[in-house]
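Peer 1: If you scroll down you'll find the structure; I have some questions about it.
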Amino acid sequence: IYGEWLNLFLEKIEKDIHPNLIILGGGLMEAPMMKKLIALPEERYIFAQLGNRAGVVGASLLSE
């Protein structure tokens, strides 16, 4: 069911905002099954490089 909700959300983003690329992040995106659940063509999205560590990296940059 998560894949269905994710795809509905991604379809809405594509329809309403028309981005050149959608960047997907967070710890769940690191799961191997995620790529299989996403119905968008692979050239329309990428996974964020920092994954679940993005918040930690951002917080550390604020403390500098």
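To be explicit about the labels: the chains of the structure tokens are called A, B, and onward in the order shown, and within each one the residues are counted from 1, while ligands get numbers from 1 in the order they are shown.
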For A:Leu10, find every residue with an atom within 12 Å (counting only C-alpha atoms), except residues of its own chain fewer than 3 positions away, and show them as an MDAnalysis selection string.
Peer 2: chainID A and resid 3:7 13:19 21:24 37:41 44:45
Peer 1: For the atom pair atom CA of A:Val57 and atom CA of A:Glu42, what is the interatomic distance in Å to one decimal place?
Peer 2: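 Value for the atom CA of A:Val57-atom CA of A:Glu42 distance: 26.7 Å.
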Peer 1: Restricting the calculation to only C-alpha atoms: of A:Ile46, A:Met33, A:Leu8, A:Ala54, which residue gets closest to A:Asn20?
Peer 2: A:Ile46
Peer 1: Running DSSP on the backbone, which parts of chain A land in strand (DSSP E), as a PyMOL selection string?
Peer 2: chain A and resi 22-24+45-47
Peer 1: Based on the backbone DSSP call, show me all residues of chain A assigned helix (DSSP H, G or I), as a ChimeraX atom specification.
Peer 2: /A:2-17,27-30,34-37,42-44,51-62
Peer 1: Go ahead and save the picked residues with C-alpha atoms, as a short mmCIF file (atom, residue, chain, number, x, y, z; two decimals), in the first residue's frame.
Peer 2:
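Contents of again-v4.cif, as written:
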data_model
loop_
_atom_site.label_atom_id
_atom_site.label_comp_id
_atom_site.auth_asym_id
_atom_site.auth_seq_id
_atom_site.Cartn_x
_atom_site.Cartn_y
_atom_site.Cartn_z
CA TYR A 2 2.95 2.34 0.65
CA GLY A 3 3.98 2.05 -3.01
CA GLU A 4 0.50 3.02 -4.16
CA TRP A 5 0.46 6.15 -1.96
CA LEU A 6 3.98 7.08 -3.02
CA ASN A 7 3.08 6.79 -6.70
CA LEU A 8 -0.09 8.86 -6.25
CA PHE A 9 2.02 11.56 -4.59
CA LEU A 10 4.68 11.46 -7.33
CA GLU A 11 2.03 11.63 -10.07
CA LYS A 12 0.51 14.69 -8.39
CA ILE A 13 3.92 16.38 -8.13
CA GLU A 14 4.55 15.71 -11.84
CA LYS A 15 1.09 16.96 -12.85
CA ASP A 16 0.96 20.08 -10.68
CA ILE A 17 4.57 21.25 -10.49
CA GLY A 27 15.99 6.32 5.23
CA LEU A 28 13.24 4.37 3.51
CA MET A 29 14.61 5.33 0.11
CA GLU A 30 17.73 3.31 0.92
CA MET A 34 11.97 1.11 -3.26
CA LYS A 35 13.13 1.25 -6.86
CA LYS A 36 10.69 -1.57 -7.70
CA LEU A 37 7.75 0.31 -6.13
CA GLU A 42 14.00 6.19 -13.93
CA GLU A 43 15.08 9.38 -15.69
CA ARG A 44 12.37 11.35 -13.80
CA GLY A 51 19.73 9.43 2.54
CA ASN A 52 18.77 9.36 6.21
CA ARG A 53 21.94 11.29 7.17
CA ALA A 54 20.76 14.57 5.59
CA GLY A 55 19.34 15.94 8.85
CA VAL A 56 22.55 15.22 10.76
CA VAL A 57 24.69 16.85 8.07
CA GLY A 58 22.40 19.90 7.95
CA ALA A 59 22.43 20.28 11.74
CA SER A 60 26.22 20.05 11.84
CA LEU A 61 26.50 22.79 9.22
CA LEU A 62 24.31 25.07 11.35
#
